[in-house]
>>> print(open('structure.cif').read())   # mmCIF, C-alpha atoms
data_query
#
loop_
_atom_site.label_atom_id
_atom_site.label_comp_id
_atom_site.auth_asym_id
_atom_site.auth_seq_id
_atom_site.Cartn_x
_atom_site.Cartn_y
_atom_site.Cartn_z
CA MET A 1 7.52 6.13 -18.37
CA LYS A 2 4.62 4.86 -16.27
CA HIS A 3 6.74 3.07 -13.68
CA GLY A 4 10.07 3.95 -12.17
CA GLY A 5 12.97 1.69 -12.95
CA ASN A 6 12.19 0.62 -16.54
CA ILE A 7 15.59 1.68 -17.79
CA TYR A 8 15.68 -1.18 -20.31
CA GLN A 9 12.88 0.24 -22.45
CA PHE A 10 14.32 3.74 -22.09
CA ALA A 11 17.84 2.61 -23.02
CA GLN A 12 16.54 0.68 -26.03
CA SER A 13 14.73 3.76 -27.32
CA LEU A 14 18.01 5.72 -27.11
CA GLY A 15 20.22 2.97 -28.49
CA CYS A 16 22.40 2.85 -25.38
CA LEU A 17 23.11 0.37 -22.59
CA PRO A 18 20.97 0.43 -19.40
CA GLU A 19 24.06 1.14 -17.30
CA GLN A 20 24.61 4.33 -19.34
CA VAL A 21 21.30 5.79 -18.12
CA LEU A 22 21.18 8.21 -15.20
CA ASP A 23 18.02 6.82 -13.63
CA PHE A 24 16.24 9.33 -11.43
CA SER A 25 12.95 7.42 -11.81
CA ALA A 26 13.58 4.57 -9.34
CA ASN A 27 13.91 5.33 -5.62
CA ILE A 28 16.81 3.00 -4.88
CA ASN A 29 19.73 3.86 -2.62
CA PRO A 30 22.75 4.52 -4.89
CA GLN A 31 24.95 2.77 -2.30
CA GLN A 32 24.95 -0.89 -1.25
CA ALA A 33 25.60 -2.26 2.22
CA VAL A 34 27.72 -5.15 0.91
CA THR A 35 29.24 -6.26 -2.39
CA LEU A 36 28.43 -9.38 -4.36
CA ASP A 37 31.64 -10.94 -3.02
CA CYS A 38 29.58 -12.03 -0.01
CA LEU A 39 27.88 -14.61 -2.27
CA LEU A 40 31.03 -16.40 -3.41
CA GLN A 41 30.83 -19.03 -0.67
CA VAL A 42 27.09 -19.67 -0.95
CA GLN A 43 26.28 -23.32 -1.61
CA LEU A 44 23.70 -23.93 -4.32
CA GLY A 45 22.65 -27.21 -2.77
CA PRO A 46 20.90 -28.54 -0.77
CA TYR A 47 17.58 -26.68 -0.71
CA ALA A 48 17.52 -23.46 1.28
CA ASP A 49 15.90 -23.38 4.72
CA PRO A 50 12.15 -23.10 3.93
CA HIS A 51 11.57 -21.33 7.26
CA TYR A 52 14.25 -18.68 6.60
CA SER A 53 15.37 -19.03 10.23
CA GLN A 54 18.68 -17.15 10.02
CA LEU A 55 17.23 -14.40 7.86
CA LYS A 56 14.24 -13.99 10.18
CA GLN A 57 16.58 -13.68 13.16
CA ALA A 58 18.59 -11.00 11.33
CA LEU A 59 15.38 -9.17 10.44
CA LYS A 60 14.14 -9.28 14.02
CA GLN A 61 17.38 -7.72 15.24
CA ARG A 62 17.12 -4.98 12.63
CA TYR A 63 13.34 -4.47 12.89
CA PRO A 64 12.26 -5.46 16.43
CA TYR A 65 8.65 -6.43 16.97
CA PRO A 66 6.66 -6.91 20.17
CA SER A 67 5.74 -10.14 21.89
CA GLY A 68 2.80 -11.74 20.12
CA ALA A 69 3.89 -10.49 16.68
CA ASP A 70 5.70 -12.27 13.86
CA ILE A 71 6.79 -11.76 10.24
CA GLU A 72 6.36 -13.56 6.94
CA ILE A 73 8.98 -13.01 4.24
CA PHE A 74 8.15 -12.52 0.57
CA ASN A 75 9.90 -12.21 -2.76
CA GLY A 76 9.75 -8.42 -2.57
CA ALA A 77 7.26 -5.93 -1.15
CA SER A 78 5.05 -6.11 -4.25
CA ALA A 79 4.57 -9.84 -3.66
CA ALA A 80 3.79 -9.08 -0.01
CA ILE A 81 1.14 -6.53 -1.01
CA PHE A 82 -0.62 -8.94 -3.36
CA ALA A 83 -0.46 -11.88 -0.94
CA LEU A 84 -1.75 -9.85 2.01
CA LEU A 85 -4.73 -8.42 0.13
CA ARG A 86 -5.62 -11.84 -1.29
CA PHE A 87 -5.49 -13.17 2.27
CA LEU A 88 -7.61 -10.37 3.78
CA LYS A 89 -10.15 -10.22 0.90
CA PRO A 90 -11.48 -6.81 1.98
CA ASP A 91 -14.95 -5.70 0.89
CA ASP A 92 -14.10 -2.01 1.26
CA LEU A 93 -10.56 -0.84 0.60
CA VAL A 94 -9.57 2.73 1.47
CA LEU A 95 -6.46 4.07 -0.26
CA TYR A 96 -4.88 7.23 1.09
CA ALA A 97 -3.74 8.69 -2.22
CA PRO A 98 -1.47 9.40 -3.93
CA LEU A 99 0.23 6.01 -3.52
CA TYR A 100 1.48 3.00 -5.49
CA GLY A 101 -0.67 1.86 -8.39
CA GLU A 102 -0.24 -1.79 -7.31
CA TYR A 103 -2.79 -1.32 -4.53
CA ALA A 104 -5.57 -0.15 -6.85
CA HIS A 105 -4.66 -2.87 -9.35
CA ILE A 106 -5.02 -5.74 -6.89
CA ALA A 107 -8.20 -4.15 -5.48
CA GLY A 108 -9.69 -4.36 -8.94
CA GLU A 109 -8.60 -7.97 -9.32
CA LEU A 110 -10.25 -8.87 -6.01
CA GLY A 111 -13.46 -6.98 -6.70
CA CYS A 112 -13.12 -4.67 -3.68
CA ARG A 113 -15.19 -1.55 -3.32
CA LEU A 114 -12.47 1.04 -3.71
CA HIS A 115 -12.51 4.30 -1.76
CA SER A 116 -9.85 6.98 -2.27
CA VAL A 117 -8.99 9.62 0.32
CA ASP A 118 -6.92 12.57 -0.87
CA ARG A 119 -4.51 12.84 2.04
CA LEU A 120 -3.08 16.09 0.62
CA ALA A 121 -6.40 17.95 0.29
CA ASN A 122 -8.88 16.12 2.55
CA PRO A 123 -7.07 13.80 4.99
CA ASN A 124 -9.95 13.74 7.49
CA ALA A 125 -12.53 12.38 5.07
CA GLU A 126 -14.99 9.85 6.44
CA ILE A 127 -14.19 6.18 5.89
CA PRO A 128 -16.49 3.11 5.92
CA ARG A 129 -16.60 1.33 9.25
CA GLY A 130 -14.84 -2.03 9.14
CA SER A 131 -12.97 -1.15 5.96
CA THR A 132 -9.34 -1.98 5.18
CA ILE A 133 -7.01 1.02 5.22
CA ILE A 134 -3.80 1.35 3.22
CA PHE A 135 -1.39 4.14 4.10
CA VAL A 136 2.20 4.60 2.90
CA ASN A 137 4.56 6.34 5.35
CA PRO A 138 6.67 8.18 4.28
CA SER A 139 4.26 8.73 1.44
CA THR A 140 4.97 8.39 -2.23
CA PRO A 141 5.53 10.23 -4.48
CA ASP A 142 5.78 13.30 -2.21
CA GLY A 143 7.84 11.79 0.62
CA HIS A 144 5.86 13.34 3.49
CA LEU A 145 6.50 11.71 6.88
CA TYR A 146 3.38 11.38 9.03
CA ASP A 147 2.92 10.93 12.77
CA LEU A 148 0.30 8.18 12.66
CA LYS A 149 -0.64 7.96 16.36
CA ASP A 150 -3.93 9.84 16.02
CA TRP A 151 -4.70 8.23 12.66
CA LEU A 152 -4.28 4.75 14.15
CA ALA A 153 -6.63 5.63 17.01
CA LYS A 154 -9.25 6.84 14.53
CA TRP A 155 -8.97 3.72 12.38
CA GLN A 156 -9.06 1.39 15.37
CA ALA A 157 -12.19 3.14 16.69
CA ALA A 158 -13.82 2.43 13.30
CA ASP A 159 -12.83 -1.27 13.57
CA CYS A 160 -10.68 -1.02 10.45
CA THR A 161 -8.01 -3.40 9.28
CA VAL A 162 -4.93 -1.23 8.81
CA ILE A 163 -1.99 -1.79 6.45
CA ILE A 164 0.94 0.60 6.84
CA ASP A 165 3.61 0.46 4.14
CA GLU A 166 6.93 1.60 5.62
CA SER A 167 9.11 0.82 2.61
CA PHE A 168 10.85 4.22 2.78
CA LEU A 169 10.89 4.71 6.55
CA ASP A 170 14.49 3.50 6.90
CA PHE A 171 15.69 6.68 5.19
CA CYS A 172 14.19 8.77 8.04
CA GLU A 173 14.94 9.29 11.72
CA ALA A 174 11.48 8.07 12.72
CA GLU A 175 9.79 5.35 14.74
CA SER A 176 7.99 2.43 13.16
CA ILE A 177 4.40 1.60 14.07
CA ALA A 178 5.54 -1.96 14.88
CA ASP A 179 4.92 -1.65 18.63
CA TYR A 180 1.25 -0.82 18.02
CA ILE A 181 0.73 -4.36 16.72
CA ALA A 182 0.75 -5.53 20.35
CA ASP A 183 -2.40 -3.48 21.00
CA TYR A 184 -4.25 -4.06 17.72
CA ASP A 185 -4.44 -7.41 15.98
CA LYS A 186 -5.83 -5.86 12.80
CA LEU A 187 -2.66 -3.89 12.13
CA TYR A 188 -0.24 -5.02 9.40
CA LEU A 189 3.13 -3.53 8.47
CA ILE A 190 4.72 -3.97 5.03
CA LYS A 191 8.41 -3.37 4.43
CA SER A 192 10.63 -3.44 1.35
CA LEU A 193 14.35 -4.03 1.86
CA SER A 194 15.64 -3.45 -1.67
CA LYS A 195 15.15 0.34 -1.61
CA PHE A 196 17.18 1.17 1.49
CA TYR A 197 19.85 -1.46 0.91
CA GLY A 198 20.31 -0.49 -2.73
CA CYS A 199 19.67 -3.95 -4.15
CA ALA A 200 16.61 -3.90 -6.40
CA GLY A 201 17.64 -7.27 -7.84
CA ILE A 202 17.49 -8.92 -4.41
CA ARG A 203 13.77 -9.37 -3.97
CA ILE A 204 12.98 -9.40 -0.25
CA GLY A 205 10.14 -7.80 1.66
CA PHE A 206 8.02 -8.82 4.64
CA VAL A 207 4.71 -8.47 6.42
CA MET A 208 4.65 -7.96 10.19
CA ALA A 209 1.47 -8.59 12.18
CA ALA A 210 0.00 -10.46 15.15
CA SER A 211 1.29 -14.05 15.26
CA PRO A 212 -2.09 -15.74 14.53
CA ALA A 213 -2.53 -13.58 11.43
CA ILE A 214 0.98 -14.38 10.20
CA LYS A 215 0.40 -18.09 10.81
CA ALA A 216 -2.78 -17.98 8.73
CA LEU A 217 -1.09 -15.96 5.99
CA LYS A 218 1.88 -18.33 5.90
CA GLY A 219 -0.46 -21.28 5.45
CA LEU A 220 -1.38 -19.95 2.01
CA GLU A 221 2.21 -19.44 0.89
CA PRO A 222 4.53 -21.83 -0.98
CA ALA A 223 7.85 -22.99 0.46
CA TRP A 224 11.16 -21.65 -0.91
CA LYS A 225 9.97 -18.25 -2.05
CA LEU A 226 13.55 -16.99 -1.68
CA SER A 227 16.80 -18.33 -3.09
CA SER A 228 19.90 -19.07 -1.04
CA LEU A 229 21.57 -16.12 -2.80
CA ASP A 230 18.79 -13.70 -1.80
CA MET A 231 18.97 -14.77 1.82
CA ALA A 232 22.77 -14.77 2.07
CA TYR A 233 23.06 -11.31 0.55
CA MET A 234 20.41 -9.78 2.79
CA GLN A 235 21.79 -11.36 5.96
CA GLN A 236 25.16 -9.76 5.22
CA ALA A 237 23.53 -6.41 4.40
CA LEU A 238 21.53 -6.41 7.63
CA ALA A 239 24.71 -7.15 9.60
CA ASN A 240 26.26 -3.88 8.38
CA THR A 241 24.64 -1.70 11.04
CA ALA A 242 26.96 1.24 10.31
CA PHE A 243 25.29 1.49 6.90
CA ILE A 244 22.07 2.74 8.52
CA GLY A 245 23.46 5.98 9.90
CA GLN A 246 25.72 6.51 6.91
CA THR A 247 22.80 6.21 4.50
CA ARG A 248 20.57 8.55 6.48
CA ARG A 249 23.27 11.24 6.64
CA GLN A 250 24.13 10.82 2.98
CA THR A 251 20.47 10.87 1.90
CA ARG A 252 19.81 14.06 3.84
CA GLN A 253 22.82 15.82 2.29
CA LEU A 254 22.12 14.65 -1.25
CA ARG A 255 18.40 15.43 -0.94
CA GLU A 256 19.34 19.00 -0.04
CA GLN A 257 21.63 19.12 -3.08
CA LEU A 258 18.82 17.81 -5.28
CA HIS A 259 16.35 20.31 -3.82
CA GLN A 260 18.79 23.12 -4.57
CA ALA A 261 19.23 21.90 -8.15
CA LEU A 262 15.48 21.88 -8.71
CA SER A 263 15.05 25.29 -7.08
CA ASP A 264 17.84 26.95 -9.05
CA CYS A 265 16.78 25.82 -12.52
CA GLY A 266 13.59 27.92 -12.59
CA LEU A 267 11.42 25.23 -14.16
CA PHE A 268 9.25 24.32 -11.17
CA ARG A 269 6.24 25.95 -9.56
CA GLN A 270 6.53 23.87 -6.39
CA ILE A 271 9.01 21.46 -4.82
CA TYR A 272 7.56 19.29 -2.06
CA ASP A 273 9.52 18.98 1.19
CA GLY A 274 9.94 15.20 1.22
CA GLN A 275 11.72 13.27 3.95
CA ALA A 276 12.54 10.11 1.99
CA ASN A 277 15.06 9.42 -0.80
CA PHE A 278 13.16 11.31 -3.50
CA LEU A 279 11.52 14.66 -4.20
CA LEU A 280 8.26 15.51 -5.96
CA ALA A 281 8.07 18.71 -7.98
CA GLU A 282 5.41 20.47 -10.06
CA LEU A 283 6.49 22.06 -13.34
CA ALA A 284 5.53 25.66 -14.04
CA SER A 285 5.01 25.72 -17.82
CA MET A 286 5.76 22.43 -19.58
CA ASP A 287 4.55 18.97 -18.56
CA GLY A 288 6.61 16.02 -17.39
CA TYR A 289 6.63 14.21 -20.71
CA GLN A 290 7.98 17.32 -22.43
CA LEU A 291 10.69 17.59 -19.79
CA GLN A 292 11.52 13.91 -20.17
CA ALA A 293 11.89 14.36 -23.94
CA LYS A 294 14.32 17.23 -23.38
CA LEU A 295 16.35 15.17 -20.86
CA ALA A 296 16.42 12.02 -22.97
CA PRO A 297 19.39 13.02 -25.21
CA SER A 298 21.44 13.29 -22.00
CA ARG A 299 20.25 9.79 -21.01
CA LEU A 300 18.44 11.14 -17.95
CA LEU A 301 15.28 9.29 -16.90
CA ILE A 302 12.69 10.81 -14.56
CA ARG A 303 9.28 9.71 -13.25
CA VAL A 304 6.16 11.47 -14.52
CA CYS A 305 3.46 11.10 -11.85
CA ASP A 306 0.21 11.57 -13.76
CA ASN A 307 -0.92 8.02 -12.91
CA PHE A 308 -0.94 8.85 -9.19
CA ALA A 309 -4.44 9.83 -8.07
CA GLY A 310 -4.72 13.58 -7.61
CA LEU A 311 -1.57 14.45 -9.55
CA THR A 312 -1.12 15.67 -13.12
CA ARG A 313 1.31 15.52 -16.03
CA ARG A 314 3.10 18.47 -14.46
CA HIS A 315 4.15 16.42 -11.42
CA VAL A 316 7.52 14.69 -11.67
CA ARG A 317 9.57 12.76 -9.14
CA PHE A 318 13.34 12.64 -8.79
CA ALA A 319 15.18 9.97 -6.84
CA VAL A 320 18.12 11.01 -4.67
CA LYS A 321 21.21 9.87 -6.57
CA ASP A 322 24.93 10.44 -5.99
CA GLY A 323 26.42 13.93 -6.12
CA GLN A 324 27.84 13.58 -9.62
CA ALA A 325 24.48 12.50 -11.07
CA ILE A 326 22.67 15.36 -9.32
CA ALA A 327 25.21 17.85 -10.65
CA GLU A 328 24.63 16.57 -14.19
CA LEU A 329 20.87 16.85 -13.72
CA ALA A 330 21.32 20.43 -12.48
CA ARG A 331 23.34 21.36 -15.58
CA ARG A 332 20.77 19.89 -17.95
CA LEU A 333 17.80 21.54 -16.19
CA LYS A 334 19.48 24.95 -16.34
CA ALA A 335 20.27 24.44 -20.02
CA ILE A 336 16.66 23.52 -20.75
CA ASN A 337 15.41 26.65 -18.98
CA SER A 338 17.85 28.85 -20.85
CA ASP A 339 16.53 27.48 -24.16
CA LEU A 340 12.89 28.32 -23.38
#
>>> encode(input="structure.cif", output="structure tokens")
Amino acid sequence: MKHGGNIYQFAQSLGCLPEQVLDFSANINPQQAVTLDCLLQVQLGPYADPHYSQLKQALKQRYPYPSGADIEIFNGASAAIFALLRFLKPDDLVLYAPLYGEYAHIAGELGCRLHSVDRLANPNAEIPRGSTIIFVNPSTPDGHLYDLKDWLAKWQAADCTVIIDESFLDFCEAESIADYIADYDKLYLIKSLSKFYGCAGIRIGFVMAASPAIKALKGLEPAWKLSSLDMAYMQQALANTAFIGQTRRQTRQLREQLHQALSDCGLFRQIYDGQANFLLAELASMDGYQLQAKLAPSRLLIRVCDNFAGLTRRHVRFAVKDGQAIAELARRLKAINSDL
């Protein structure tokens, strides 16, 4: 599978229902902050508020930003990525790889000169002055959490436009770079909400930046990008502040359980010490597609990472799922190793 989350194609190939798949390929919180009952009283008319005022207020409380900054909401983080790059129209785009394939795809569509920096092997590589930087923190697919203070100083000194994708930061006890926007008007933050709040079907993400930049970006956007149902659900989810600490504690415990399962099975040469809600591992003898074929009869779906720059068919990623799913994965991995 080339993209996490395509359980429909996987289920069809097995002749089962999507809900019967144990999906370790998509990095979505297995818990939700609220249930769908919160939508029962939502009115489907009139039109939703095109300025998203209540949702923006809820987002500002959850993700504070400094004076002089603002946010624009999008129908998911992927939509935010595409809209922001179309708005910026960079000549030189520097991707700190490995990272999402969407960034390279839109760069190709826009005709950017693409530069790739291997942040695992050569993070201090030279970058073009005045280029646009894209950095995901915590990174994907390895989940490394970076302290970006020195990086930001370097990029600012080179007069770069900087885009930091913090879609997985909520799973960590770490500070956002949001406050740095007050000191650098070429800094943009991208955030996905569906991953942390366990609601992939609720498509909400946002861009945070200096207010003039957000005003200009908003001028290119249509009204009513979000439905009343999207907004109502997310406002209720954001209001559940206890969910934040609960999720972080749960993720840490389950990630340790997943790490143990991968370590004990004897199939992997290396397991990366990620800090997000997933782990990257490198297989010792077989490749990821062979492992996926062996897991398929058990309806287990994983993510092979060979389409991430710098990684190979031996690199596979596992999302942090609930304890029962991890235990089943552990049993199947041990069985596969015993059959080799």
>>> residues_near_point(input="structure.cif", point="(-1.6, 1.9, -4.5)", cutoff="12 Å", atoms="all atoms listed in the file", output="PyMOL selection string")
chain A and resi 78+81-82+85+93-108+114-117+133-136+139-141+163-165+307-309
>>> closest_residue(input="structure.cif", among="A:Tyr233, A:Ala293, A:Gln275, A:Phe268", to="Asp37 of chain A", atoms="all atoms listed in the file")
A:Tyr233
>>> residues_near_point(input="structure.cif", point="(6.1, 12.1, -14.6)", cutoff="6 Å", atoms="only C-alpha atoms", output="MDAnalysis selection string")
chainID A and resid 288 303:306 315:316
>>> closest_residue(input="structure.cif", among="A:Ser285, A:Pro138, A:Lys154, A:Ala200", to="Glu175 of chain A", atoms="all atoms listed in the file")
A:Pro138
>>> residues_around(input="structure.cif", residues="Glu328 of chain A", least_positions_apart="5", cutoff="10 Å", atoms="only C-alpha atoms", output="PyMOL selection string")
chain A and resi 22+261+298+300+323+333
>>> residues_around(input="structure.cif", residues="Leu258 of chain A", least_positions_apart="5", cutoff="12 Å", atoms="only C-alpha atoms", output="PDB file with C-alpha atoms, in the frame of the given file")
ATOM      1  CA  PHE A  24      16.240   9.330 -11.430  1.00  0.00           C
ATOM      2  CA  THR A 251      20.470  10.870   1.900  1.00  0.00           C
ATOM      3  CA  ARG A 252      19.810  14.060   3.840  1.00  0.00           C
ATOM      4  CA  GLN A 253      22.820  15.820   2.290  1.00  0.00           C
ATOM      5  CA  SER A 263      15.050  25.290  -7.080  1.00  0.00           C
ATOM      6  CA  ASP A 264      17.840  26.950  -9.050  1.00  0.00           C
ATOM      7  CA  CYS A 265      16.780  25.820 -12.520  1.00  0.00           C
ATOM      8  CA  ILE A 271       9.010  21.460  -4.820  1.00  0.00           C
ATOM      9  CA  TYR A 272       7.560  19.290  -2.060  1.00  0.00           C
ATOM     10  CA  ASP A 273       9.520  18.980   1.190  1.00  0.00           C
ATOM     11  CA  GLY A 274       9.940  15.200   1.220  1.00  0.00           C
ATOM     12  CA  ASN A 277      15.060   9.420  -0.800  1.00  0.00           C
ATOM     13  CA  PHE A 278      13.160  11.310  -3.500  1.00  0.00           C
ATOM     14  CA  LEU A 279      11.520  14.660  -4.200  1.00  0.00           C
ATOM     15  CA  LEU A 280       8.260  15.510  -5.960  1.00  0.00           C
ATOM     16  CA  ALA A 281       8.070  18.710  -7.980  1.00  0.00           C
ATOM     17  CA  ARG A 317       9.570  12.760  -9.140  1.00  0.00           C
ATOM     18  CA  PHE A 318      13.340  12.640  -8.790  1.00  0.00           C
ATOM     19  CA  ALA A 319      15.180   9.970  -6.840  1.00  0.00           C
ATOM     20  CA  VAL A 320      18.120  11.010  -4.670  1.00  0.00           C
ATOM     21  CA  LYS A 321      21.210   9.870  -6.570  1.00  0.00           C
ATOM     22  CA  ASP A 322      24.930  10.440  -5.990  1.00  0.00           C
ATOM     23  CA  GLY A 323      26.420  13.930  -6.120  1.00  0.00           C
ATOM     24  CA  GLN A 324      27.840  13.580  -9.620  1.00  0.00           C
ATOM     25  CA  ALA A 325      24.480  12.500 -11.070  1.00  0.00           C
ATOM     26  CA  ILE A 326      22.670  15.360  -9.320  1.00  0.00           C
ATOM     27  CA  ALA A 327      25.210  17.850 -10.650  1.00  0.00           C
ATOM     28  CA  GLU A 328      24.630  16.570 -14.190  1.00  0.00           C
ATOM     29  CA  LEU A 329      20.870  16.850 -13.720  1.00  0.00           C
ATOM     30  CA  ALA A 330      21.320  20.430 -12.480  1.00  0.00           C
ATOM     31  CA  ARG A 331      23.340  21.360 -15.580  1.00  0.00           C
ATOM     32  CA  LEU A 333      17.800  21.540 -16.190  1.00  0.00           C
TER      33      LEU A 333
END
>>> atom_distance(input="structure.cif", atom1="atom CA of Leu55 of chain A", atom2="atom CA of Ser194 of chain A")
14.6 Å
